[in-house]
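Structure data (compact mmCIF, N, CA, C and O atoms) from entry-v3.txt:
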```
# COMPACT_ATOMS: atom_id res chain seq x y z
N MET A 1450 0.85 -1.18 0.00
CA MET A 1450 0.00 0.00 0.00
C MET A 1450 0.89 1.23 0.00
O MET A 1450 1.84 1.33 0.75
N LYS A 1451 0.54 2.16 -0.85
CA LYS A 1451 1.31 3.39 -0.93
C LYS A 1451 1.12 4.22 0.33
O LYS A 1451 0.08 4.17 0.98
N LEU A 1452 2.13 4.97 0.65
CA LEU A 1452 2.09 5.82 1.85
C LEU A 1452 0.96 6.84 1.77
O LEU A 1452 0.28 7.09 2.77
N GLU A 1453 0.73 7.40 0.59
CA GLU A 1453 -0.33 8.40 0.45
C GLU A 1453 -1.69 7.81 0.78
O GLU A 1453 -2.52 8.43 1.45
N ARG A 1454 -1.93 6.59 0.32
CA ARG A 1454 -3.22 5.92 0.59
C ARG A 1454 -3.37 5.67 2.08
O ARG A 1454 -4.44 5.86 2.65
N LEU A 1455 -2.29 5.24 2.73
CA LEU A 1455 -2.32 4.98 4.16
C LEU A 1455 -2.62 6.25 4.95
O LEU A 1455 -3.41 6.24 5.90
N VAL A 1456 -2.02 7.35 4.54
CA VAL A 1456 -2.24 8.63 5.22
C VAL A 1456 -3.70 9.06 5.07
O VAL A 1456 -4.33 9.50 6.04
N PHE A 1457 -4.27 8.92 3.87
CA PHE A 1457 -5.68 9.28 3.68
C PHE A 1457 -6.60 8.38 4.50
O PHE A 1457 -7.58 8.85 5.07
N LEU A 1458 -6.30 7.09 4.58
CA LEU A 1458 -7.13 6.18 5.38
C LEU A 1458 -7.05 6.52 6.87
O LEU A 1458 -8.06 6.48 7.57
N CYS A 1459 -5.86 6.86 7.35
CA CYS A 1459 -5.73 7.27 8.76
C CYS A 1459 -6.49 8.56 9.02
O CYS A 1459 -7.17 8.70 10.04
N GLY A 1460 -6.39 9.51 8.09
CA GLY A 1460 -7.12 10.76 8.23
C GLY A 1460 -8.62 10.53 8.24
O GLY A 1460 -9.36 11.15 9.01
N ALA A 1461 -9.09 9.64 7.37
CA ALA A 1461 -10.52 9.33 7.32
C ALA A 1461 -10.97 8.67 8.62
O ALA A 1461 -12.05 8.97 9.13
N GLY A 1462 -10.16 7.78 9.16
CA GLY A 1462 -10.50 7.13 10.43
C GLY A 1462 -10.59 8.13 11.57
O GLY A 1462 -11.50 8.06 12.39
N ILE A 1463 -9.65 9.04 11.61
CA ILE A 1463 -9.67 10.07 12.65
C ILE A 1463 -10.90 10.95 12.50
O ILE A 1463 -11.56 11.30 13.49
N ALA A 1464 -11.25 11.31 11.27
CA ALA A 1464 -12.43 12.15 11.03
C ALA A 1464 -13.71 11.43 11.43
O ALA A 1464 -14.62 12.03 12.01
N ILE A 1465 -13.81 10.14 11.13
CA ILE A 1465 -15.00 9.37 11.52
C ILE A 1465 -15.09 9.28 13.04
O ILE A 1465 -16.17 9.42 13.62
N PHE A 1466 -13.97 9.05 13.70
CA PHE A 1466 -13.98 9.01 15.17
C PHE A 1466 -14.43 10.35 15.74
O PHE A 1466 -15.24 10.40 16.67
N GLY A 1467 -13.93 11.43 15.19
CA GLY A 1467 -14.35 12.76 15.64
C GLY A 1467 -15.82 13.01 15.41
O GLY A 1467 -16.51 13.59 16.25
N ALA A 1468 -16.33 12.56 14.27
CA ALA A 1468 -17.76 12.72 13.98
C ALA A 1468 -18.59 11.94 14.99
O ALA A 1468 -19.60 12.45 15.50
N LEU A 1469 -18.19 10.72 15.28
CA LEU A 1469 -18.93 9.92 16.25
C LEU A 1469 -18.94 10.55 17.63
O LEU A 1469 -19.97 10.56 18.31
N ILE A 1470 -17.82 11.11 18.04
CA ILE A 1470 -17.75 11.78 19.34
C ILE A 1470 -18.74 12.95 19.37
O ILE A 1470 -19.45 13.15 20.35
N HIS A 1471 -18.78 13.73 18.29
CA HIS A 1471 -19.68 14.88 18.26
C HIS A 1471 -21.13 14.47 18.21
O HIS A 1471 -22.01 15.21 18.68
N TRP A 1472 -21.45 13.33 17.63
CA TRP A 1472 -22.83 12.87 17.57
C TRP A 1472 -23.26 12.19 18.86
O TRP A 1472 -24.44 12.22 19.21
N ILE A 1473 -22.34 11.57 19.58
CA ILE A 1473 -22.70 10.82 20.79
C ILE A 1473 -22.70 11.72 22.03
O ILE A 1473 -23.46 11.47 22.97
N ALA A 1474 -21.89 12.76 22.05
CA ALA A 1474 -21.78 13.62 23.23
C ALA A 1474 -23.13 14.16 23.71
O ALA A 1474 -23.38 14.18 24.92
N PRO A 1475 -24.04 14.61 22.83
CA PRO A 1475 -25.33 15.10 23.33
C PRO A 1475 -26.14 14.02 24.05
O PRO A 1475 -26.91 14.32 24.95
N LEU A 1476 -25.93 12.79 23.68
CA LEU A 1476 -26.66 11.70 24.34
C LEU A 1476 -26.10 11.38 25.72
O LEU A 1476 -26.82 10.85 26.56
N LEU A 1477 -24.84 11.71 25.94
CA LEU A 1477 -24.18 11.36 27.20
C LEU A 1477 -24.23 12.47 28.24
O LEU A 1477 -23.93 12.24 29.40
N GLY A 1478 -24.54 13.68 27.82
CA GLY A 1478 -24.75 14.75 28.79
C GLY A 1478 -23.63 15.75 28.90
O GLY A 1478 -22.57 15.62 28.28
N PRO A 1479 -23.85 16.77 29.74
CA PRO A 1479 -22.89 17.87 29.88
C PRO A 1479 -21.54 17.46 30.44
O PRO A 1479 -20.53 18.09 30.12
N ASP A 1480 -21.51 16.42 31.24
CA ASP A 1480 -20.21 16.00 31.79
C ASP A 1480 -19.28 15.52 30.67
O ASP A 1480 -18.06 15.70 30.75
N TRP A 1481 -19.84 14.92 29.65
CA TRP A 1481 -19.02 14.48 28.53
C TRP A 1481 -18.51 15.65 27.71
O TRP A 1481 -17.40 15.62 27.20
N TYR A 1482 -19.34 16.68 27.56
CA TYR A 1482 -18.85 17.87 26.88
C TYR A 1482 -17.64 18.44 27.64
O TYR A 1482 -16.64 18.81 27.02
N ALA A 1483 -17.75 18.49 28.95
CA ALA A 1483 -16.63 19.00 29.75
C ALA A 1483 -15.42 18.08 29.65
O ALA A 1483 -14.29 18.55 29.53
N PHE A 1484 -15.64 16.77 29.68
CA PHE A 1484 -14.55 15.81 29.56
C PHE A 1484 -13.84 15.95 28.21
O PHE A 1484 -12.61 15.82 28.14
N LEU A 1485 -14.60 16.22 27.17
CA LEU A 1485 -14.02 16.36 25.83
C LEU A 1485 -13.50 17.77 25.58
O LEU A 1485 -13.17 18.11 24.44
N THR A 1486 -13.41 18.57 26.62
CA THR A 1486 -12.88 19.93 26.61
C THR A 1486 -13.60 20.85 25.62
O THR A 1486 -12.97 21.61 24.89
N ALA A 1487 -14.91 20.78 25.63
CA ALA A 1487 -15.71 21.70 24.83
C ALA A 1487 -15.63 23.09 25.48
O ALA A 1487 -15.36 23.21 26.68
N PRO A 1488 -15.85 24.13 24.70
CA PRO A 1488 -15.85 25.48 25.29
C PRO A 1488 -16.91 25.61 26.39
O PRO A 1488 -17.91 24.89 26.40
N ASN A 1489 -16.68 26.52 27.31
CA ASN A 1489 -17.58 26.68 28.45
C ASN A 1489 -19.02 26.97 28.04
O ASN A 1489 -19.96 26.48 28.65
N TRP A 1490 -19.21 27.77 26.98
CA TRP A 1490 -20.58 28.09 26.56
C TRP A 1490 -21.31 26.85 26.05
O TRP A 1490 -22.52 26.76 26.18
N VAL A 1491 -20.57 25.88 25.49
CA VAL A 1491 -21.20 24.64 25.03
C VAL A 1491 -21.61 23.79 26.22
O VAL A 1491 -22.72 23.24 26.26
N VAL A 1492 -20.74 23.69 27.21
CA VAL A 1492 -21.07 22.92 28.41
C VAL A 1492 -22.26 23.54 29.13
O VAL A 1492 -23.18 22.83 29.55
N GLU A 1493 -22.29 24.87 29.24
CA GLU A 1493 -23.41 25.54 29.88
C GLU A 1493 -24.71 25.35 29.08
O GLU A 1493 -25.78 25.19 29.66
N SER A 1494 -24.60 25.36 27.77
CA SER A 1494 -25.78 25.12 26.94
C SER A 1494 -26.32 23.71 27.18
O SER A 1494 -27.54 23.52 27.26
N ALA A 1495 -25.44 22.74 27.31
CA ALA A 1495 -25.88 21.37 27.58
C ALA A 1495 -26.51 21.27 28.97
O ALA A 1495 -27.51 20.56 29.15
N ARG A 1496 -25.96 21.98 29.94
CA ARG A 1496 -26.53 21.95 31.29
C ARG A 1496 -27.91 22.60 31.34
O ARG A 1496 -28.80 22.14 32.05
N ARG A 1497 -28.09 23.68 30.58
CA ARG A 1497 -29.38 24.36 30.56
C ARG A 1497 -30.40 23.67 29.68
O ARG A 1497 -31.58 23.95 29.76
N GLY A 1498 -29.94 22.79 28.81
CA GLY A 1498 -30.84 22.07 27.92
C GLY A 1498 -31.24 22.84 26.68
O GLY A 1498 -32.25 22.53 26.06
N THR A 1499 -30.45 23.85 26.31
CA THR A 1499 -30.76 24.59 25.08
C THR A 1499 -30.23 23.81 23.87
O THR A 1499 -29.52 22.82 24.01
N TRP A 1500 -30.57 24.29 22.71
CA TRP A 1500 -30.24 23.57 21.48
C TRP A 1500 -28.85 23.89 20.93
O TRP A 1500 -28.42 23.23 19.96
N ASP A 1501 -28.14 24.83 21.51
CA ASP A 1501 -26.84 25.23 20.96
C ASP A 1501 -25.85 24.05 20.92
O ASP A 1501 -25.21 23.82 19.90
N ALA A 1502 -25.73 23.34 22.02
CA ALA A 1502 -24.75 22.26 22.10
C ALA A 1502 -25.08 21.09 21.15
O ALA A 1502 -24.22 20.68 20.37
N PRO A 1503 -26.28 20.53 21.19
CA PRO A 1503 -26.52 19.38 20.30
C PRO A 1503 -26.54 19.74 18.81
O PRO A 1503 -26.04 18.98 17.98
N VAL A 1504 -27.07 20.92 18.47
CA VAL A 1504 -27.10 21.31 17.06
C VAL A 1504 -25.68 21.59 16.56
O VAL A 1504 -25.30 21.16 15.47
N GLY A 1505 -24.90 22.27 17.38
CA GLY A 1505 -23.50 22.51 17.01
C GLY A 1505 -22.72 21.22 16.86
O GLY A 1505 -21.94 21.06 15.92
N GLY A 1506 -22.94 20.28 17.78
CA GLY A 1506 -22.27 18.99 17.69
C GLY A 1506 -22.68 18.22 16.44
O GLY A 1506 -21.85 17.59 15.79
N ALA A 1507 -23.96 18.27 16.11
CA ALA A 1507 -24.44 17.58 14.91
C ALA A 1507 -23.84 18.18 13.64
O ALA A 1507 -23.44 17.46 12.73
N ILE A 1508 -23.76 19.51 13.60
CA ILE A 1508 -23.19 20.17 12.42
C ILE A 1508 -21.71 19.86 12.28
O ILE A 1508 -21.23 19.50 11.20
N ILE A 1509 -20.97 19.97 13.38
CA ILE A 1509 -19.54 19.68 13.33
C ILE A 1509 -19.30 18.22 12.98
O ILE A 1509 -18.42 17.88 12.19
N GLY A 1510 -20.10 17.32 13.57
CA GLY A 1510 -19.97 15.90 13.24
C GLY A 1510 -20.24 15.64 11.77
O GLY A 1510 -19.55 14.84 11.13
N GLY A 1511 -21.24 16.33 11.21
CA GLY A 1511 -21.53 16.17 9.79
C GLY A 1511 -20.39 16.65 8.91
O GLY A 1511 -20.05 16.01 7.91
N LEU A 1512 -19.80 17.77 9.28
CA LEU A 1512 -18.67 18.28 8.51
C LEU A 1512 -17.47 17.34 8.58
O LEU A 1512 -16.78 17.12 7.57
N MET A 1513 -17.23 16.78 9.76
CA MET A 1513 -16.13 15.82 9.89
C MET A 1513 -16.40 14.56 9.09
O MET A 1513 -15.48 13.98 8.49
N PHE A 1514 -17.66 14.13 9.05
CA PHE A 1514 -18.00 12.96 8.25
C PHE A 1514 -17.80 13.24 6.76
O PHE A 1514 -17.33 12.37 6.02
N LEU A 1515 -18.13 14.45 6.31
CA LEU A 1515 -17.88 14.82 4.93
C LEU A 1515 -16.38 14.80 4.60
O LEU A 1515 -15.98 14.38 3.52
N CYS A 1516 -15.57 15.22 5.55
CA CYS A 1516 -14.12 15.16 5.36
C CYS A 1516 -13.65 13.71 5.22
O CYS A 1516 -12.79 13.40 4.41
N ALA A 1517 -14.24 12.82 6.02
CA ALA A 1517 -13.89 11.41 5.91
C ALA A 1517 -14.31 10.85 4.56
O ALA A 1517 -13.55 10.09 3.95
N LEU A 1518 -15.49 11.20 4.09
CA LEU A 1518 -15.92 10.73 2.77
C LEU A 1518 -14.98 11.22 1.69
O LEU A 1518 -14.65 10.49 0.75
N TYR A 1519 -14.55 12.46 1.80
CA TYR A 1519 -13.63 13.01 0.82
C TYR A 1519 -12.30 12.24 0.84
O TYR A 1519 -11.72 11.96 -0.20
N ALA A 1520 -11.84 11.89 2.04
CA ALA A 1520 -10.58 11.15 2.15
C ALA A 1520 -10.69 9.75 1.56
O ALA A 1520 -9.75 9.22 0.98
N PHE A 1521 -11.88 9.14 1.71
CA PHE A 1521 -12.08 7.81 1.12
C PHE A 1521 -12.16 7.92 -0.39
O PHE A 1521 -11.77 7.09 -1.13
```

Structure re-expressed in C-alpha cells:
Amino acid sequence: MKLERLVFLCGAGIAIFGALIHWIAPLLGPDWYAFLTAPNWVVESARRGTWDAPVGGAIIGGLMFLCALYAF
C-alpha cells in the first residue's frame, strides 16, 4: 500500500472518530462535553438544555463525516 493511501485512510479514520464523538456527546450529557474539553458556553448550553450544544455537535460531526468521505 502506498504511503499516500495509508495517510488518507488514517485521516478518514480520525475524522470518523471525531464525527462519532460529536454525535454521541449530546446523548451522554454535559459531563461528557466538559470531559471532551468543549468550550464553556457549550457545556453551559448542555446543562441548561438549550439547542446550541446538540445542534452545534451535529453540524460539526456532519462536517467531519464529509471530510472522511472526501478522504475515502

Inset, instruction - Find the residue from A:Leu1452, A:Phe1521, A:Phe1466, A:Trp1472 that sits nearest to Gly1505 in chain A; use all atoms listed in the file when measuring. - result: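 The answer is A:Trp1472, which sits nearest to Gly1505 in chain A.
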
Inset, instruction - Name the closest residue to Gly1460 in chain A among the candidates A:Leu1477, A:Ala1487, A:Ala1517, A:Ala1495; distances are taken between atoms, counting only N, CA, C and O atoms. - result: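 For Gly1460 in chain A, the nearest of the given residues is A:Ala1517.
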
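Counting from atom N of Ala1520 in chain A, the distance to atom O of Gly1462 in chain A is 11.0 Å.
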
Inset, instruction - Have a look at atom C of Leu1458 in chain A and CA of Ile1473 in chain A and let me know their distance in Å, one decimal. - result: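 Here the two named atoms are 21.4 Å from each other.
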
Please define a box with edges along x, y and z of the file around all atoms of range 1456-1475 of chain A given in the file, extend it by 3 Å on each side, and return its centre and edge lengths in Å to one decimal, as AutoDock Vina command-line options.
```
--center_x -14.5 --center_y 10.7 --center_z 14.3 --size_x 30.9 --size_y 15.0 --size_z 27.3
```

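The gap separating atom C of Gly1506 in chain A from atom O of Gly1467 in chain A is 7.7 Å, in Å to one decimal.
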
Inset, instruction - Counting only C-alpha atoms, figure out which residue out of A:Ile1465, A:Arg1496, A:Arg1454, A:Pro1479 gets nearest to Leu1512 in chain A. - result: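 Result for the nearest residue to Leu1512 in chain A: A:Ile1465.
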
Legend entry - Residues of chain A in alpha helix (DSSP H), written as a ChimeraX atom specification: /A:1452-1477,1479-1484,1489-1497,1501-1520

Legend entry - Counting only C-alpha atoms, the option among A:Met1450, A:Val1456, A:Ala1461, A:Ala1474 closest to Tyr1519 in chain A: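 Closest to Tyr1519 in chain A of all the choices is A:Ala1461.
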
Inset, instruction - Find, counting only C-alpha atoms, the residue in A:Ala1502, A:Leu1469, A:Lys1451, A:Gly1510 that gets nearest to Pro1488 in chain A. - result: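 The shortest atom-to-atom distance to Pro1488 in chain A comes from A:Ala1502.
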
Inset, instruction - Between A:Leu1518, A:Leu1485, A:Asp1480, A:Ala1507, single out the one closest to Ala1468 in chain A, counting only C-alpha atoms. - result: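 Using only C-alpha atoms, the shortest distance to Ala1468 in chain A belongs to A:Ala1507.
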
Legend entry - Spatial neighbours of Pro1503 in chain A, max dist 7 Å, all atoms listed in the file, sep filter under 6 positions, as an MDAnalysis selection string: chainID A and resid 1471:1472 1475 1491 1494:1495 1509
